[in-house]
Each structure stands twice: as C-alpha cells, then as structure tokens.
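Reproduced below: coords23.cif, with mmCIF, C-alpha atoms.
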```cif
data_upload
loop_
_atom_site.label_atom_id
_atom_site.label_comp_id
_atom_site.auth_asym_id
_atom_site.auth_seq_id
_atom_site.Cartn_x
_atom_site.Cartn_y
_atom_site.Cartn_z
CA MET A 1 110.99 181.51 150.59
CA LYS A 2 113.76 181.84 147.99
CA PHE A 3 112.08 179.25 145.77
CA LEU A 4 108.72 181.04 145.81
CA ALA A 5 110.25 184.44 145.09
CA ALA A 6 112.21 183.05 142.16
CA PHE A 7 109.17 181.18 140.83
CA LEU A 8 106.96 184.29 141.02
CA LEU A 9 109.62 186.21 139.12
CA PHE A 10 109.69 183.44 136.52
CA SER A 11 105.90 183.52 136.20
CA SER A 12 105.83 187.24 135.49
CA VAL A 13 108.71 187.59 133.03
CA VAL A 14 109.45 184.35 131.21
CA SER A 15 108.51 184.29 127.52
CA TRP A 16 109.21 181.37 125.23
CA CYS A 17 110.03 183.01 121.93
CA TYR A 18 112.98 181.67 119.97
CA ALA A 19 112.66 184.17 117.12
CA GLU A 20 116.24 185.29 117.59
CA ALA A 21 119.36 183.22 117.02
CA ASP A 22 118.87 181.03 120.10
CA LEU A 23 119.27 177.31 119.63
CA HIS A 24 116.25 175.13 120.23
CA PRO A 25 116.63 173.64 123.75
CA LEU A 26 116.12 170.07 122.50
CA SER A 27 118.38 170.31 119.47
CA GLU A 28 121.63 168.44 118.96
CA GLU A 29 123.42 171.78 118.66
CA TYR A 30 122.13 172.96 122.04
CA ILE A 31 123.10 169.66 123.68
CA ALA A 32 126.63 170.11 122.30
CA GLN A 33 126.67 173.62 123.74
CA ILE A 34 125.64 172.28 127.15
CA ASN A 35 128.45 169.74 127.10
CA ASN A 36 130.93 172.48 126.26
CA LYS A 37 129.85 174.40 129.36
CA ALA A 38 129.10 171.67 131.91
CA THR A 39 131.99 170.45 134.05
CA THR A 40 130.27 167.95 136.35
CA TRP A 41 127.66 166.30 134.10
CA LYS A 42 126.84 165.14 130.60
CA ALA A 43 123.86 165.96 128.42
CA GLY A 44 122.31 163.77 125.74
CA LYS A 45 119.18 163.48 123.67
CA ASN A 46 116.13 162.55 125.76
CA PHE A 47 113.46 164.26 123.64
CA GLU A 48 112.87 165.18 120.01
CA VAL A 49 112.48 168.83 119.03
CA HIS A 50 108.81 168.26 118.23
CA ASP A 51 108.24 167.20 121.87
CA TRP A 52 108.80 170.77 123.08
CA GLU A 53 105.23 171.82 123.97
CA ARG A 54 104.58 168.60 125.87
CA VAL A 55 107.94 168.72 127.61
CA LYS A 56 107.19 172.21 128.89
CA LYS A 57 104.00 170.85 130.43
CA ILE A 58 105.57 167.94 132.30
CA ALA A 59 108.48 170.12 133.47
CA ASN A 60 106.16 172.79 134.90
CA GLY A 61 103.89 170.94 137.33
CA VAL A 62 104.45 172.93 140.53
CA LEU A 63 102.33 175.95 141.45
CA PRO A 64 103.61 178.68 143.79
CA SER A 65 102.79 177.44 147.28
CA LYS A 66 99.98 179.20 149.12
CA ARG A 67 100.83 177.58 152.46
CA LEU A 68 97.18 176.71 152.95
CA HIS A 69 97.67 174.73 156.17
CA THR A 70 100.38 176.50 158.15
CA ASN A 71 98.58 175.86 161.44
CA ILE A 72 99.99 172.34 161.67
CA ASP A 73 103.26 172.74 159.79
CA SER A 74 106.57 172.31 161.56
CA GLU A 75 109.56 173.84 159.77
CA ASN A 76 113.07 172.45 160.21
CA PRO A 77 112.28 170.15 163.18
CA HIS A 78 115.67 168.44 163.55
CA ASP A 79 118.64 169.18 165.80
CA GLU A 80 121.35 170.15 163.33
CA SER A 81 124.11 169.19 165.74
CA GLU A 82 123.38 165.55 164.91
CA ASP A 83 125.76 163.81 162.52
CA VAL A 84 124.88 162.37 159.12
CA PRO A 85 127.02 160.13 156.89
CA GLU A 86 128.89 161.55 153.93
CA GLU A 87 126.83 159.38 151.59
CA PHE A 88 123.38 157.82 151.96
CA ASP A 89 121.06 155.87 149.67
CA ALA A 90 117.61 154.92 150.99
CA ARG A 91 117.49 152.00 148.53
CA GLU A 92 120.40 150.41 150.36
CA GLN A 93 119.34 151.40 153.87
CA TRP A 94 115.87 149.87 153.45
CA SER A 95 116.64 147.32 150.77
CA LYS A 96 113.46 145.27 151.26
CA CYS A 97 111.18 148.16 150.24
CA ASP A 98 110.27 147.56 146.61
CA SER A 99 108.78 151.04 146.12
CA LEU A 100 112.19 152.61 146.70
CA LYS A 101 113.44 151.02 143.50
CA GLN A 102 110.49 152.03 141.32
CA ILE A 103 110.63 154.80 138.72
CA ARG A 104 107.16 155.98 137.69
CA ASP A 105 105.93 157.75 134.55
CA GLN A 106 103.60 160.76 134.81
CA SER A 107 102.97 160.53 131.04
CA SER A 108 101.79 163.65 129.21
CA CYS A 109 100.42 165.28 132.37
CA GLY A 110 101.82 167.92 134.73
CA SER A 111 101.27 165.71 137.77
CA CYS A 112 104.84 165.62 139.09
CA TRP A 113 103.61 167.19 142.35
CA ALA A 114 101.39 164.13 142.95
CA PHE A 115 103.98 161.58 141.85
CA ALA A 116 106.76 162.93 144.07
CA ALA A 117 104.39 162.89 147.04
CA VAL A 118 102.98 159.38 146.63
CA GLU A 119 106.39 157.90 145.85
CA ALA A 120 107.75 159.20 149.17
CA MET A 121 104.55 158.15 150.96
CA SER A 122 104.87 154.60 149.61
CA ASP A 123 108.46 154.41 150.77
CA ARG A 124 107.62 155.70 154.22
CA LEU A 125 104.77 153.23 154.71
CA CYS A 126 107.28 150.45 154.10
CA ILE A 127 110.13 151.97 156.11
CA HIS A 128 108.06 152.69 159.21
CA SER A 129 106.44 149.25 159.18
CA ASP A 130 109.87 147.65 159.53
CA GLN A 131 109.82 147.07 155.75
CA ALA A 132 106.72 144.88 155.98
CA ASN A 133 104.03 147.09 154.39
CA GLN A 134 104.78 146.79 150.66
CA VAL A 135 102.12 149.07 149.15
CA TYR A 136 102.09 151.73 146.48
CA VAL A 137 100.15 154.94 147.11
CA SER A 138 98.06 156.03 144.13
CA ALA A 139 99.14 159.04 142.06
CA GLU A 140 95.84 158.67 140.20
CA ASP A 141 93.76 159.13 143.35
CA LEU A 142 95.74 162.14 144.55
CA ASN A 143 96.00 163.83 141.15
CA SER A 144 92.28 163.58 140.40
CA CYS A 145 90.55 163.81 143.81
CA CYS A 146 92.53 166.51 145.63
CA TYR A 147 91.56 169.06 143.01
CA GLY A 148 91.18 172.84 143.25
CA GLU A 149 93.24 175.92 143.95
CA THR A 150 92.37 175.73 147.66
CA GLU A 151 93.13 171.99 147.71
CA CYS A 152 96.16 170.31 146.12
CA GLY A 153 96.11 172.13 142.80
CA LEU A 154 94.92 171.63 139.26
CA GLY A 155 95.71 168.01 138.48
CA CYS A 156 97.56 167.70 135.17
CA ASN A 157 98.03 171.47 135.18
CA GLY A 158 100.14 171.52 138.32
CA GLY A 159 99.85 171.39 142.10
CA TYR A 160 101.49 172.29 145.40
CA VAL A 161 104.27 170.50 147.26
CA ASP A 162 102.99 170.61 150.86
CA ALA A 163 99.24 170.22 150.23
CA PRO A 164 99.29 166.47 149.31
CA TRP A 165 100.68 165.65 152.75
CA HIS A 166 97.78 167.42 154.45
CA TYR A 167 95.32 165.64 152.18
CA TRP A 168 96.96 162.32 153.07
CA HIS A 169 96.19 163.05 156.71
CA THR A 170 92.64 164.40 156.34
CA ASP A 171 91.19 162.29 153.50
CA GLY A 172 93.64 159.50 152.86
CA ILE A 173 94.90 158.22 149.51
CA VAL A 174 94.18 154.73 148.21
CA THR A 175 96.72 152.24 146.95
CA GLY A 176 97.74 152.10 143.30
CA GLY A 177 100.85 152.09 141.16
CA LEU A 178 101.97 152.04 137.56
CA TYR A 179 99.70 151.97 134.51
CA ASN A 180 97.93 148.58 134.28
CA ALA A 181 100.27 147.16 136.95
CA SER A 182 97.67 145.73 139.36
CA GLN A 183 99.44 147.41 142.26
CA GLY A 184 96.37 148.42 144.24
CA CYS A 185 92.97 150.07 144.14
CA LYS A 186 93.66 152.72 141.48
CA ASP A 187 96.66 152.32 139.20
CA TYR A 188 97.60 155.31 137.05
CA SER A 189 95.21 155.53 134.11
CA LEU A 190 97.35 157.66 131.79
CA GLU A 191 99.41 155.53 129.43
CA PRO A 192 103.22 155.73 129.64
CA CYS A 193 104.78 157.49 126.70
CA GLU A 194 108.15 157.53 125.00
CA HIS A 195 110.79 159.74 126.60
CA HIS A 196 113.64 158.05 124.77
CA VAL A 197 114.15 158.95 121.13
CA ASP A 198 114.50 155.33 120.00
CA GLY A 199 111.96 153.63 122.26
CA THR A 200 108.91 151.52 121.54
CA LYS A 201 106.17 153.13 123.67
CA PRO A 202 103.62 155.54 122.15
CA GLN A 203 105.07 158.95 121.35
CA CYS A 204 104.20 161.43 124.09
CA ASP A 205 103.14 164.13 121.65
CA SER A 206 100.29 161.85 120.55
CA LEU A 207 98.91 161.70 124.11
CA ASP A 208 97.31 164.92 125.35
CA PHE A 209 95.64 163.96 128.59
CA ASP A 210 93.24 165.93 130.76
CA THR A 211 93.08 165.33 134.50
CA PRO A 212 91.17 162.06 135.10
CA GLU A 213 87.79 162.30 136.80
CA CYS A 214 87.78 161.67 140.53
CA VAL A 215 86.16 158.29 141.13
CA ARG A 216 85.90 157.09 144.72
CA SER A 217 85.89 153.43 143.87
CA CYS A 218 88.63 150.99 142.94
CA TYR A 219 89.47 150.24 139.33
CA ASP A 220 90.14 146.72 140.59
CA SER A 221 86.62 145.51 141.45
CA SER A 222 87.99 142.96 143.90
CA LEU A 223 89.16 145.77 146.21
CA ASP A 224 87.22 148.17 148.43
CA TYR A 225 87.99 151.88 148.22
CA LYS A 226 87.71 152.66 151.93
CA ASP A 227 89.69 149.59 152.90
CA SER A 228 92.42 150.62 150.46
CA LEU A 229 92.98 154.09 151.95
CA THR A 230 96.36 154.94 153.43
CA PHE A 231 96.88 157.88 155.80
CA GLY A 232 99.58 160.19 157.07
CA GLN A 233 100.01 161.74 160.49
CA ASP A 234 98.81 165.26 161.30
CA GLN A 235 102.17 167.05 161.51
CA ILE A 236 103.55 167.97 158.13
CA ASN A 237 107.22 168.92 158.25
CA THR A 238 108.81 171.37 155.83
CA PHE A 239 112.55 171.84 155.38
CA SER A 240 114.65 174.67 154.04
CA ASN A 241 118.28 173.69 154.32
CA GLU A 242 120.64 170.85 153.46
CA LYS A 243 121.24 169.49 156.97
CA GLN A 244 117.55 169.38 157.86
CA MET A 245 116.80 167.49 154.66
CA GLN A 246 119.62 165.01 155.30
CA LEU A 247 118.44 164.32 158.84
CA GLU A 248 114.87 163.80 157.69
CA ILE A 249 115.81 161.39 154.89
CA TYR A 250 118.25 159.52 157.13
CA LYS A 251 115.69 159.05 159.91
CA ASN A 252 112.36 158.83 158.12
CA GLY A 253 112.85 158.18 154.41
CA PRO A 254 112.58 160.10 151.11
CA VAL A 255 111.03 163.55 150.85
CA GLU A 256 109.20 165.53 148.18
CA ALA A 257 110.97 168.60 146.83
CA ALA A 258 110.68 171.05 143.94
CA PHE A 259 113.10 173.11 141.93
CA ILE A 260 113.16 175.63 139.08
CA VAL A 261 113.77 173.86 135.76
CA TYR A 262 116.19 175.40 133.30
CA ASP A 263 116.06 174.14 129.74
CA ASP A 264 119.37 172.26 129.93
CA PHE A 265 117.99 169.94 132.64
CA LEU A 266 115.76 168.27 130.06
CA SER A 267 118.82 166.71 128.43
CA TYR A 268 120.51 165.38 131.58
CA LYS A 269 122.19 161.99 131.18
CA SER A 270 124.84 161.49 133.87
CA GLY A 271 127.01 163.17 136.49
CA VAL A 272 126.04 165.91 138.96
CA TYR A 273 123.64 168.39 137.37
CA GLN A 274 124.46 172.09 137.66
CA ALA A 275 122.56 174.51 135.45
CA THR A 276 124.45 175.92 132.49
CA SER A 277 121.44 177.90 131.29
CA ASN A 278 119.35 180.79 132.63
CA LYS A 279 116.29 180.00 130.50
CA GLU A 280 113.51 178.83 132.77
CA VAL A 281 110.90 176.27 131.75
CA GLY A 282 108.94 176.07 135.01
CA ALA A 283 109.03 174.29 138.34
CA HIS A 284 109.13 170.52 138.84
CA ALA A 285 108.61 168.18 141.82
CA ILE A 286 110.72 165.10 142.47
CA LYS A 287 111.59 162.59 145.23
CA ILE A 288 114.93 162.91 147.01
CA LEU A 289 116.15 159.58 148.40
CA GLY A 290 119.74 160.22 149.33
CA TRP A 291 122.95 162.14 148.80
CA GLY A 292 126.62 161.67 148.07
CA VAL A 293 129.80 163.09 146.57
CA GLU A 294 131.02 162.47 143.02
CA LYS A 295 134.51 163.62 142.03
CA GLY A 296 134.44 166.21 144.79
CA THR A 297 130.96 167.55 143.98
CA ASN A 298 128.14 167.16 146.52
CA TYR A 299 124.82 165.91 145.16
CA TRP A 300 121.28 164.90 146.00
CA LEU A 301 120.12 161.53 144.66
CA ILE A 302 116.77 162.13 142.96
CA ALA A 303 114.12 159.88 141.42
CA ASN A 304 112.31 161.58 138.53
CA SER A 305 108.88 160.60 137.16
CA TRP A 306 109.65 160.63 133.43
CA ASP A 307 110.14 156.84 133.21
CA SER A 308 113.40 154.93 133.41
CA ASP A 309 114.48 155.83 129.86
CA TRP A 310 115.05 159.47 130.84
CA GLY A 311 118.33 160.62 132.39
CA ASP A 312 120.36 158.06 134.31
CA ASN A 313 117.83 155.20 134.28
CA GLY A 314 115.22 157.61 135.62
CA TYR A 315 117.49 159.14 138.27
CA VAL A 316 119.48 162.35 138.46
CA LYS A 317 122.27 163.55 140.73
CA PHE A 318 121.61 167.21 141.55
CA PHE A 319 124.06 169.74 142.98
CA ARG A 320 123.67 169.91 146.77
CA GLY A 321 124.29 172.46 149.49
CA GLU A 322 123.78 175.87 147.86
CA ASP A 323 120.02 175.78 147.21
CA HIS A 324 120.75 175.27 143.52
CA CYS A 325 117.60 176.11 141.49
CA GLY A 326 115.71 176.30 144.80
CA ILE A 327 116.11 172.56 145.49
CA GLU A 328 116.49 173.15 149.24
CA SER A 329 113.71 175.72 149.62
CA ASN A 330 110.50 173.82 148.95
CA VAL A 331 110.56 170.42 150.68
CA ALA A 332 107.85 168.54 152.59
CA ALA A 333 107.01 165.19 154.18
CA SER A 334 105.13 163.59 157.05
CA LEU A 335 105.10 160.24 158.81
CA PRO A 336 102.59 157.55 157.84
CA ARG A 337 99.75 156.48 160.08
CA LEU A 338 100.17 152.74 160.56
#
```

Can I see the file as structure tokens?
Amino acid sequence: MKFLAAFLLFSSVVSWCYAEADLHPLSEEYIAQINNKATTWKAGKNFEVHDWERVKKIANGVLPSKRLHTNIDSENPHDESEDVPEEFDAREQWSKCDSLKQIRDQSSCGSCWAFAAVEAMSDRLCIHSDQANQVYVSAEDLNSCCYGETECGLGCNGGYVDAPWHYWHTDGIVTGGLYNASQGCKDYSLEPCEHHVDGTKPQCDSLDFDTPECVRSCYDSSLDYKDSLTFGQDQINTFSNEKQMQLEIYKNGPVEAAFIVYDDFLSYKSGVYQATSNKEVGAHAIKILGWGVEKGTNYWLIANSWDSDWGDNGYVKFFRGEDHCGIESNVAASLPRL
C-alpha cells in the first residue's frame, strides 16, 4: 500500500531537530509562511509553541498496519460503475443521528485510531437501525482493552486502522461517549484539554496520560457490561480509491481513514487542506463523513478528534482524489450487527 510504504519511510528517516534556521512549526512566523504558500486553505494558531511534544504524540497515533486478519477482509467491494452525487454530507443524509454531529476529544493520548473507529461505528449503528439506535461506542473500552501489537495496538501510543473493526466483531465494544457525559457504560476517562490558545480547559501539556487500565465493567454502576456491548459483522471492508470510499460512505455511513501528517496540518483553520510542507510528524486517523467541491477543489469532509476548538469547529476539508498524504490508501469499515 502507498500509505504503508510512505509511513515506513517516514519511520526510518524522520528526525525532529530544528537546530538549523527552520521556523518552529507552531510559531506565528511559520503560520504566516504557510499562508503565503497555501492557495486553497488558511492556517491559524491552534497550539502554543510549548505544546510541541504533546502535539507530536496526538498527531502520530497510527502504527503501520500488519494486516493481522486478512482472511476475512474484502478490499474495494463496490461496483465503480455506480453513480455518486457531486457533494454528500452524512450529517444531512441521516439528520436524526446525533453521533454524526459530535466532535470528540482524545486529550493528551495517541488514541486517534480508536476514536475514528468508534465514531464511525456509532454512526453506523444509528444509520442501519433506520436512525433509531442512538448510542455512542466507547473509545475508552477499545483503547484500553484491545491492547497489544498482535491486537489493536498500544493504546495511547498508537494503533492500527483495520484491527478495531475485527475486534468489534469478535469481542464487541461497550457503549460510552465523551468525558463525564453519561453516554453509556464507559465514557472516556481522560480529561479534555485546551487545543485553542485562548480557551478555558486545562492546558494539554499539563496532562500526560498513560493508557487506561482495561476494566470489563461499566463506570456507570447502573449498567451491565455485557448488556452494553455492541458488535460489528464479520466482513471488514477496506478501500483504496476515491470512488470506492464514496460508494461506501453513501451507502453505509462514515469510514475510518488515516493519513501522513505534515507539520502545517496542525495549524489548519479553513478551506481545503493541501500540504505546503514536507516535514512529517507522523500518521493520524480520522472519520470521513462526506465530500464536496469548494471553489473548484475536491475535498473529503473529515471529523477530527482534537475537540471542536481545533480547525473549523473540529472539522477539516481535505484534498480529495489524488491520495493526498495517503488519505485514500488506508481506509476500513464494517456493518454493525443489529
């Protein structure tokens, strides 16, 4: 896969040393430089310079995929002769599904791989129940209990894109949503932190979280763990081109995807993101919920997991159709078991 090859190259050669005359990637001067180069998007200050070490962690939460369960994977399952609309937004198509409108916060933890998965799972449970099943699938349960290099990954130190969908089928994932939100069995236990420079939440650099312990009981004592489990079906689909992804989202709901993060992405504010930098930070997982065209530029509509005060109210439009940063090379989803 193009994404895997690029990520392995990144892993072997990238070195974060700004001893030369390079501008700090979170500095005002670097943001101005981005805006001088970018033609389809605008950058702005999302993080302070002193956030750099933590930001690298949350922007590097995807491990190179080992394809641990290829025996039941189906790649590119759709008939590409089928038509799709020029623009599509799952929030409008399935407007009664509350989860589609939620932006989560992974806090100071490299758990994007888990967040992107459970966000899409939550949406799909609602969509495929005729918008009746309004539940949130727990990032806490997935991040902490599907742990290990031969499982989903290493919790707050990164995970795989396809493995959570297999785990959803074999073990199930309980309900749970935002920190202290009473949205199910196991809400996220890591406190939200401040991504906006002028916000009121705790500063992220003051929160250095380890992966929570796996506890197979509900944090809400009124709920039963086994009764709270949600499950996916046994066929996990993977996708590796634009049309396949569009057909999947259009028919079945949002998908999980990953891309290589360049340092300018951290300062995204609006427009259609196209990298202006070649300095890699890592690989990051997100939820894709639609697509469109802005001023002649094709984009994917993406929900990030850095809270709603990052980017465009938590969302980002990302250049579509040319596998930009590997966005169309590492994509997975499955149907829920209702």

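Non-sequential neighbours of Asp323 in chain A (distance at most 12 Å, separation of 6 or more positions within a chain, all atoms listed in the file) are A:Met1, A:Lys2, A:Phe3, A:Ala6, A:Phe239, A:Ser240, A:Asn241, A:Glu242, A:Lys243, A:Met245, A:Ala257, A:Ala258, A:Phe259, A:Ile260, A:Gln274, A:Asn298, A:Tyr299, A:Trp300, A:Ser329, A:Asn330, A:Val331.
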
Can you work out the spacing between CA of Ser182 in chain A and CA of Leu223 in chain A in Å, to one decimal? 10.9 Å

To test your reading of the syntax: which residues would the PyMOL selection byres ((chain A and resi 282) around 8) return for the file shown? Reply as JSON, numbers by chain. {"A": [7, 10, 56, 59, 60, 61, 62, 260, 261, 262, 280, 281, 283, 284]}

I'd like to see the residues matched by the PyMOL selection byres ((chain A and resi 216) around 9) on this file, and ideally I'd get them as a list in words.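 Output of the PyMOL selection byres ((chain A and resi 216) around 9): Asp141, Cys145, Cys214, Val215, Ser217, Cys218, Tyr225 and Lys226 of chain A.
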
Residue contacts of range 119-133 of chain A (7 Å, only C-alpha atoms) excluding same-chain residues fewer than 4 positions away, as a list in words: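 Final neighbour list, sorted by chain and number: Trp94, Lys96, Cys97, Ser99, Leu100, Phe115, Val137, Asn252, Gly253, Pro254, Val255, Glu256, Lys287, Leu335 and Pro336 of chain A.
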
Would you export the selected residues with C-alpha atoms as a PDB file, keeping the file's coordinate frame, please?
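The resulting file, result-v8.pdb, is reproduced below:
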```pdb
ATOM      1  CA  TRP A  94     115.870 149.870 153.450  1.00  0.00           C
ATOM      2  CA  LYS A  96     113.460 145.270 151.260  1.00  0.00           C
ATOM      3  CA  CYS A  97     111.180 148.160 150.240  1.00  0.00           C
ATOM      4  CA  SER A  99     108.780 151.040 146.120  1.00  0.00           C
ATOM      5  CA  LEU A 100     112.190 152.610 146.700  1.00  0.00           C
ATOM      6  CA  PHE A 115     103.980 161.580 141.850  1.00  0.00           C
ATOM      7  CA  VAL A 137     100.150 154.940 147.110  1.00  0.00           C
ATOM      8  CA  ASN A 252     112.360 158.830 158.120  1.00  0.00           C
ATOM      9  CA  GLY A 253     112.850 158.180 154.410  1.00  0.00           C
ATOM     10  CA  PRO A 254     112.580 160.100 151.110  1.00  0.00           C
ATOM     11  CA  VAL A 255     111.030 163.550 150.850  1.00  0.00           C
ATOM     12  CA  GLU A 256     109.200 165.530 148.180  1.00  0.00           C
ATOM     13  CA  LYS A 287     111.590 162.590 145.230  1.00  0.00           C
ATOM     14  CA  LEU A 335     105.100 160.240 158.810  1.00  0.00           C
ATOM     15  CA  PRO A 336     102.590 157.550 157.840  1.00  0.00           C
TER      16      PRO A 336
END
```

Selection result for the PyMOL selection byres ((chain A and resi 265) around 9) on this file, as a PyMOL selection string: chain A and resi 43+261-264+266-268+273-277

Measure the distance from CA of Ala139 in chain A to CA of Gln106 in chain A in Å and round it to one decimal. 8.7 Å

Within 6 Å of Gly110 in chain A, counting only C-alpha atoms, which residues qualify if same-chain residues fewer than 3 places away don't, as JSON, numbers by chain? {"A": [57, 58, 61, 156, 157, 158]}

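Coordinates place CA of Trp310 in chain A at a distance of 25.5 Å from CA of Gly184 in chain A.
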
Closest of A:Asn180, A:Ser95, A:Ser144, A:Thr238 to Asp73 in chain A, counting only C-alpha atoms, is A:Thr238

12 Å contact set for Pro212 in chain A, only C-alpha atoms, chain neighbours under 5 positions out, as a ChimeraX atom specification: /A:109,111,139-147,154-157,186-191

Could you check the closest approach to Gln233 in chain A for each of A:Ala333, A:Leu63, A:Val135, A:Ile103 and tell me which residue wins, using only C-alpha atoms? A:Ala333

May I ask which of the residues A:Lys251, A:Phe319, A:Ala332, A:Asn313 is the closest one to Trp165 in chain A, counting all atoms listed in the file?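 Among the listed residues, the smallest separation from Trp165 in chain A belongs to A:Ala332.
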
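In terms of minimum interatomic distance to Asn46 in chain A, A:Ser308 ranks closest within A:Ser334, A:Ser308, A:Ser221, A:Thr150, counting all atoms listed in the file.
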
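Among A:Glu28, A:Asp51, A:Glu86, A:Asp162, the residue with the shortest atom-to-atom distance to Trp291 in chain A, counting only C-alpha atoms, is A:Glu86.
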
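In this comparison, which uses all atoms listed in the file, the residue of A:Leu338, A:Ile288, A:Ile173, A:Ala32 approaching Val118 in chain A most closely is A:Ile173.
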
Output of range 174-196 of chain A limited to N, CA and C atoms, as a short mmCIF file (atom, residue, chain, number, x, y, z; two decimals), in the first residue's frame:
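Result went into out_12.cif, see below:
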```cif
data_model
loop_
_atom_site.label_atom_id
_atom_site.label_comp_id
_atom_site.auth_asym_id
_atom_site.auth_seq_id
_atom_site.Cartn_x
_atom_site.Cartn_y
_atom_site.Cartn_z
N VAL A 174 -18.29 -1.82 24.28
CA VAL A 174 -19.44 -1.30 25.02
C VAL A 174 -19.74 0.14 24.61
N THR A 175 -20.86 0.63 25.10
CA THR A 175 -21.26 2.00 24.85
C THR A 175 -20.44 2.96 25.73
N GLY A 176 -20.38 4.20 25.30
CA GLY A 176 -19.66 5.23 26.07
C GLY A 176 -19.28 6.37 25.16
N GLY A 177 -19.27 7.58 25.71
CA GLY A 177 -19.00 8.75 24.88
C GLY A 177 -17.96 9.67 25.46
N LEU A 178 -18.30 10.94 25.52
CA LEU A 178 -17.37 11.98 25.96
C LEU A 178 -17.06 11.88 27.46
N TYR A 179 -16.01 12.54 27.87
CA TYR A 179 -15.59 12.60 29.27
C TYR A 179 -16.75 13.09 30.15
N ASN A 180 -17.10 12.26 31.15
CA ASN A 180 -18.14 12.61 32.13
C ASN A 180 -19.48 12.98 31.49
N ALA A 181 -19.79 12.36 30.34
CA ALA A 181 -21.01 12.76 29.61
C ALA A 181 -22.20 11.86 29.88
N SER A 182 -22.01 10.78 30.61
CA SER A 182 -23.10 9.83 30.88
C SER A 182 -23.75 9.37 29.58
N GLN A 183 -22.90 8.93 28.65
CA GLN A 183 -23.36 8.49 27.34
C GLN A 183 -23.23 6.99 27.14
N GLY A 184 -23.15 6.25 28.26
CA GLY A 184 -23.10 4.80 28.15
C GLY A 184 -22.29 4.17 29.26
N CYS A 185 -21.88 2.95 29.02
CA CYS A 185 -21.19 2.12 30.01
C CYS A 185 -19.84 2.71 30.44
N LYS A 186 -19.03 3.12 29.46
CA LYS A 186 -17.68 3.60 29.77
C LYS A 186 -17.38 4.86 28.96
N ASP A 187 -17.67 6.02 29.55
CA ASP A 187 -17.26 7.26 28.92
C ASP A 187 -15.74 7.39 28.97
N TYR A 188 -15.19 8.25 28.13
CA TYR A 188 -13.75 8.45 28.08
C TYR A 188 -13.27 9.01 29.41
N SER A 189 -12.22 8.43 29.95
CA SER A 189 -11.76 8.83 31.29
C SER A 189 -10.67 9.89 31.27
N LEU A 190 -10.14 10.20 30.10
CA LEU A 190 -9.06 11.18 30.01
C LEU A 190 -9.66 12.56 29.76
N GLU A 191 -9.33 13.49 30.63
CA GLU A 191 -9.96 14.81 30.63
C GLU A 191 -9.66 15.59 29.35
N PRO A 192 -10.66 16.27 28.78
CA PRO A 192 -10.39 17.12 27.62
C PRO A 192 -9.39 18.20 27.98
N CYS A 193 -8.60 18.59 26.98
CA CYS A 193 -7.62 19.64 27.25
C CYS A 193 -7.67 20.70 26.17
N GLU A 194 -6.99 21.81 26.44
CA GLU A 194 -7.17 23.01 25.63
C GLU A 194 -6.37 22.96 24.34
N HIS A 195 -7.08 22.91 23.21
CA HIS A 195 -6.43 22.98 21.90
C HIS A 195 -6.41 24.41 21.38
N HIS A 196 -7.27 25.24 21.91
CA HIS A 196 -7.33 26.63 21.46
C HIS A 196 -6.45 27.48 22.38
#
```
